[in-house]
Amino acid sequence: MAEQKKARELILTHGTNSPLDIANERNIVVLFEDLGKQIWGYYSHTNRIPVIHINNRLSQELAIYTGAHELGHAVLHSGINTPFLRKNTLFSVDKIERQAHRLAVHLLIGHNSPEPYETKKQFLIRCGIPEIFHIYY
Ligand SMILES: [Zn+2]
């Protein structure tokens, strides 16, 4: 899967799987802003400045996931306008949305692998992936 490969490349290049650290190293600005109750985050590249916007109302887990998703857009879809990640469209059938979700999941998994005693759900939660996104694994 292309997104899994891209996630591995990012981790190898930057020596971390932290989406916020990778964004910093790639000179992508990360802004925490109040985006209201519906929007979790979005990616913009106005005046060629790439910016990941994350709603500062989110829990830490959702904020990091959102950062990983928007980083996915920054590396996979840098030249196109990508939609807001919204509460009511988290399961968009949009191809670029699914690609960003898959990259996010594989980035957050990083070098972790499931332990024999773990279920898939336990493993993905240990990696910091909110349960609602486990379908992208
Ligand atoms: Zn998106």
# chains A, B, ... in the order shown; residues from 1 in each chain; ligands from 1
$ residues_around --residues "stretch 98-113 of chain A" --least-positions-apart "5" --cutoff "6 Å" --atoms "only C-alpha atoms" --output "list in words"
Glu3, Gln4, Ala7, Asn17, Ala68, His69, Gly72, His73, Cys127 and Tyr136 of chain A
$ write_last_selection --atoms "N, CA and C atoms" --output "PDB file, in the first residue's frame"
ATOM      1  N   GLU A   3       0.459   4.320   0.930  1.00  0.00           N
ATOM      2  CA  GLU A   3       0.479   5.194   2.119  1.00  0.00           C
ATOM      3  C   GLU A   3       1.352   4.603   3.227  1.00  0.00           C
ATOM      4  N   GLN A   4       1.319   3.273   3.329  1.00  0.00           N
ATOM      5  CA  GLN A   4       2.143   2.608   4.339  1.00  0.00           C
ATOM      6  C   GLN A   4       3.633   2.819   4.029  1.00  0.00           C
ATOM      7  N   ALA A   7       4.587   6.372   4.851  1.00  0.00           N
ATOM      8  CA  ALA A   7       4.739   6.556   6.299  1.00  0.00           C
ATOM      9  C   ALA A   7       6.106   6.037   6.745  1.00  0.00           C
ATOM     10  N   ASN A  17       8.287   9.197  14.591  1.00  0.00           N
ATOM     11  CA  ASN A  17       6.961   9.077  13.974  1.00  0.00           C
ATOM     12  C   ASN A  17       6.004  10.129  14.532  1.00  0.00           C
ATOM     13  N   ALA A  68      -1.425  14.021  12.191  1.00  0.00           N
ATOM     14  CA  ALA A  68      -0.926  12.973  11.289  1.00  0.00           C
ATOM     15  C   ALA A  68      -1.726  12.954   9.989  1.00  0.00           C
ATOM     16  N   HIS A  69      -3.044  13.111  10.093  1.00  0.00           N
ATOM     17  CA  HIS A  69      -3.906  13.130   8.910  1.00  0.00           C
ATOM     18  C   HIS A  69      -3.543  14.318   7.999  1.00  0.00           C
ATOM     19  N   GLY A  72      -0.392  13.937   6.296  1.00  0.00           N
ATOM     20  CA  GLY A  72      -0.622  13.077   5.135  1.00  0.00           C
ATOM     21  C   GLY A  72      -0.981  13.900   3.909  1.00  0.00           C
ATOM     22  N   HIS A  73      -1.854  14.863   4.077  1.00  0.00           N
ATOM     23  CA  HIS A  73      -2.189  15.740   2.941  1.00  0.00           C
ATOM     24  C   HIS A  73      -0.960  16.534   2.496  1.00  0.00           C
ATOM     25  N   CYS A 127      -1.019   2.433  20.127  1.00  0.00           N
ATOM     26  CA  CYS A 127      -0.293   3.317  19.205  1.00  0.00           C
ATOM     27  C   CYS A 127      -0.892   4.728  19.165  1.00  0.00           C
ATOM     28  N   TYR A 136      -9.054   2.067   9.068  1.00  0.00           N
ATOM     29  CA  TYR A 136      -8.046   2.425   8.057  1.00  0.00           C
ATOM     30  C   TYR A 136      -6.762   1.619   8.200  1.00  0.00           C
TER      31      TYR A 136
END
$ residues_near_ligand --ligand "ligand 1" --cutoff "7 Å" --atoms "only C-alpha atoms and all ligand atoms" --output "MDAnalysis selection string"
chainID A and resid 42 69:70 73 82:85 96:97 100
$ residues_around --residues "A:Lys120" --least-positions-apart "2" --cutoff "12 Å" --atoms "only C-alpha atoms" --output "ChimeraX atom specification"
/A:109,113-118,122-127,129,131,134-135,137
$ closest_residue --among "A:Val29, A:Leu71, A:Gly128, A:Asp94" --to "A:Arg48" --atoms "only C-alpha atoms"
A:Val29
$ select_by_dssp --residues "chain A" --states "helix (DSSP H, G or I)" --output "PyMOL selection string"
chain A and resi 2-14+19-25+46-48+60-76+87-89+95-109+120-126+131-136
$ atom_distance --atom1 "atom CA of A:Ile22" --atom2 "atom CA of A:Asn81"
20.9 Å
$ closest_residue --among "A:Gly67, A:Gln60, A:Ser18, A:Ile11" --to "A:Leu31" --atoms "only C-alpha atoms"
A:Gly67
$ select_by_dssp --residues "stretch 12-136 of chain A" --states "strand (DSSP E)" --output "PyMOL selection string"
chain A and resi 29-33+39-44+51-55+85-86
$ write_last_selection --atoms "N, CA, C and O atoms" --output "mmCIF file, in the first residue's frame"
data_model
loop_
_atom_site.group_PDB
_atom_site.id
_atom_site.type_symbol
_atom_site.label_atom_id
_atom_site.label_comp_id
_atom_site.auth_asym_id
_atom_site.auth_seq_id
_atom_site.Cartn_x
_atom_site.Cartn_y
_atom_site.Cartn_z
ATOM 1 N N VAL A 29 4.234 24.717 9.009
ATOM 2 C CA VAL A 29 3.784 25.411 10.219
ATOM 3 C C VAL A 29 2.623 24.626 10.828
ATOM 4 O O VAL A 29 1.748 24.159 10.097
ATOM 5 N N VAL A 30 2.630 24.463 12.136
ATOM 6 C CA VAL A 30 1.511 23.815 12.815
ATOM 7 C C VAL A 30 0.849 24.849 13.721
ATOM 8 O O VAL A 30 1.507 25.423 14.585
ATOM 9 N N LEU A 31 -0.417 25.124 13.473
ATOM 10 C CA LEU A 31 -1.152 26.106 14.261
ATOM 11 C C LEU A 31 -2.273 25.432 15.029
ATOM 12 O O LEU A 31 -3.061 24.688 14.450
ATOM 13 N N PHE A 32 -2.324 25.698 16.317
ATOM 14 C CA PHE A 32 -3.451 25.255 17.134
ATOM 15 C C PHE A 32 -4.406 26.438 17.260
ATOM 16 O O PHE A 32 -4.011 27.498 17.732
ATOM 17 N N GLU A 33 -5.630 26.247 16.785
ATOM 18 C CA GLU A 33 -6.589 27.343 16.743
ATOM 19 C C GLU A 33 -7.948 26.835 17.186
ATOM 20 O O GLU A 33 -8.220 25.637 17.097
ATOM 21 N N ILE A 39 -15.084 21.264 13.073
ATOM 22 C CA ILE A 39 -13.856 21.047 12.290
ATOM 23 C C ILE A 39 -12.719 20.617 13.211
ATOM 24 O O ILE A 39 -12.438 21.281 14.203
ATOM 25 N N TRP A 40 -12.100 19.515 12.856
ATOM 26 C CA TRP A 40 -10.967 19.029 13.655
ATOM 27 C C TRP A 40 -9.654 19.631 13.168
ATOM 28 O O TRP A 40 -8.755 19.863 13.943
ATOM 29 N N GLY A 41 -9.560 19.814 11.839
ATOM 30 C CA GLY A 41 -8.320 20.373 11.316
ATOM 31 C C GLY A 41 -8.386 20.518 9.811
ATOM 32 O O GLY A 41 -9.340 20.059 9.177
ATOM 33 N N TYR A 42 -7.374 21.175 9.257
ATOM 34 C CA TYR A 42 -7.246 21.248 7.808
ATOM 35 C C TYR A 42 -5.823 21.636 7.437
ATOM 36 O O TYR A 42 -5.038 22.063 8.290
ATOM 37 N N TYR A 43 -5.533 21.458 6.153
ATOM 38 C CA TYR A 43 -4.211 21.771 5.625
ATOM 39 C C TYR A 43 -4.370 22.896 4.610
ATOM 40 O O TYR A 43 -5.276 22.862 3.787
ATOM 41 N N SER A 44 -3.503 23.899 4.699
ATOM 42 C CA SER A 44 -3.556 24.976 3.709
ATOM 43 C C SER A 44 -2.136 25.284 3.222
ATOM 44 O O SER A 44 -1.155 24.927 3.877
ATOM 45 N N VAL A 51 0.675 24.943 5.934
ATOM 46 C CA VAL A 51 0.236 25.097 7.325
ATOM 47 C C VAL A 51 -0.744 23.979 7.669
ATOM 48 O O VAL A 51 -1.706 23.719 6.944
ATOM 49 N N ILE A 52 -0.477 23.313 8.805
ATOM 50 C CA ILE A 52 -1.426 22.355 9.369
ATOM 51 C C ILE A 52 -2.168 23.071 10.493
ATOM 52 O O ILE A 52 -1.542 23.605 11.412
ATOM 53 N N HIS A 53 -3.482 23.106 10.385
ATOM 54 C CA HIS A 53 -4.315 23.751 11.403
ATOM 55 C C HIS A 53 -4.978 22.651 12.231
ATOM 56 O O HIS A 53 -5.585 21.733 11.666
ATOM 57 N N ILE A 54 -4.864 22.763 13.534
ATOM 58 C CA ILE A 54 -5.459 21.763 14.432
ATOM 59 C C ILE A 54 -6.337 22.483 15.445
ATOM 60 O O ILE A 54 -5.926 23.498 16.021
ATOM 61 N N ASN A 55 -7.522 21.965 15.627
ATOM 62 C CA ASN A 55 -8.449 22.583 16.585
ATOM 63 C C ASN A 55 -7.919 22.404 18.012
ATOM 64 O O ASN A 55 -7.652 21.285 18.443
ATOM 65 N N LEU A 85 -11.151 18.344 7.869
ATOM 66 C CA LEU A 85 -11.504 17.127 8.598
ATOM 67 C C LEU A 85 -12.606 17.522 9.570
ATOM 68 O O LEU A 85 -12.374 18.282 10.509
ATOM 69 N N ARG A 86 -13.809 17.053 9.281
ATOM 70 C CA ARG A 86 -14.979 17.462 10.052
ATOM 71 C C ARG A 86 -15.560 16.283 10.788
ATOM 72 O O ARG A 86 -15.567 15.163 10.276
#
$ atom_distance --atom1 "atom CA of A:Ile49" --atom2 "atom CA of A:Gly79"
11.4 Å
$ atom_distance --atom1 "atom CA of A:Leu58" --atom2 "atom CA of A:Lys37"
9.4 Å
$ decode --residues "stretch 94-137 of chain A" --atoms "C-alpha atoms" --output "short mmCIF file (atom, residue, chain, number, x, y, z; two decimals), in the first residue's frame"
data_model
loop_
_atom_site.label_atom_id
_atom_site.label_comp_id
_atom_site.auth_asym_id
_atom_site.auth_seq_id
_atom_site.Cartn_x
_atom_site.Cartn_y
_atom_site.Cartn_z
CA ASP A 94 -13.17 10.77 -0.85
CA LYS A 95 -10.01 9.07 -2.14
CA ILE A 96 -7.64 11.70 -0.75
CA GLU A 97 -9.33 11.50 2.63
CA ARG A 98 -8.91 7.75 2.80
CA GLN A 99 -5.26 8.10 1.75
CA ALA A 100 -4.58 10.67 4.49
CA HIS A 101 -6.24 8.41 7.07
CA ARG A 102 -4.20 5.40 6.02
CA LEU A 103 -0.98 7.40 6.16
CA ALA A 104 -1.93 8.72 9.61
CA VAL A 105 -2.61 5.22 10.95
CA HIS A 106 0.64 3.78 9.62
CA LEU A 107 2.67 6.78 10.79
CA LEU A 108 1.34 6.48 14.33
CA ILE A 109 1.99 2.72 14.36
CA GLY A 110 5.60 3.50 13.48
CA HIS A 111 7.91 0.67 14.53
CA ASN A 112 5.36 -0.86 16.88
CA SER A 113 4.05 -4.32 16.15
CA PRO A 114 1.24 -6.26 17.81
CA GLU A 115 2.12 -8.35 20.83
CA PRO A 116 0.83 -11.95 20.79
CA TYR A 117 -1.60 -11.24 23.63
CA GLU A 118 -3.04 -8.11 22.03
CA THR A 119 -6.15 -7.76 19.94
CA LYS A 120 -5.97 -5.50 16.91
CA LYS A 121 -8.01 -2.94 18.83
CA GLN A 122 -5.69 -3.01 21.86
CA PHE A 123 -2.66 -2.68 19.61
CA LEU A 124 -3.99 0.32 17.71
CA ILE A 125 -5.11 2.06 20.90
CA ARG A 126 -1.62 1.53 22.31
CA CYS A 127 -0.29 3.32 19.21
CA GLY A 128 -2.53 6.29 19.98
CA ILE A 129 -5.01 5.69 17.17
CA PRO A 130 -8.58 6.60 18.14
CA GLU A 131 -10.88 3.63 17.78
CA ILE A 132 -13.07 5.29 15.17
CA PHE A 133 -10.13 5.22 12.73
CA HIS A 134 -9.20 1.57 13.14
CA ILE A 135 -10.98 0.80 9.87
CA TYR A 136 -8.05 2.43 8.06
CA TYR A 137 -5.56 -0.16 9.32
#
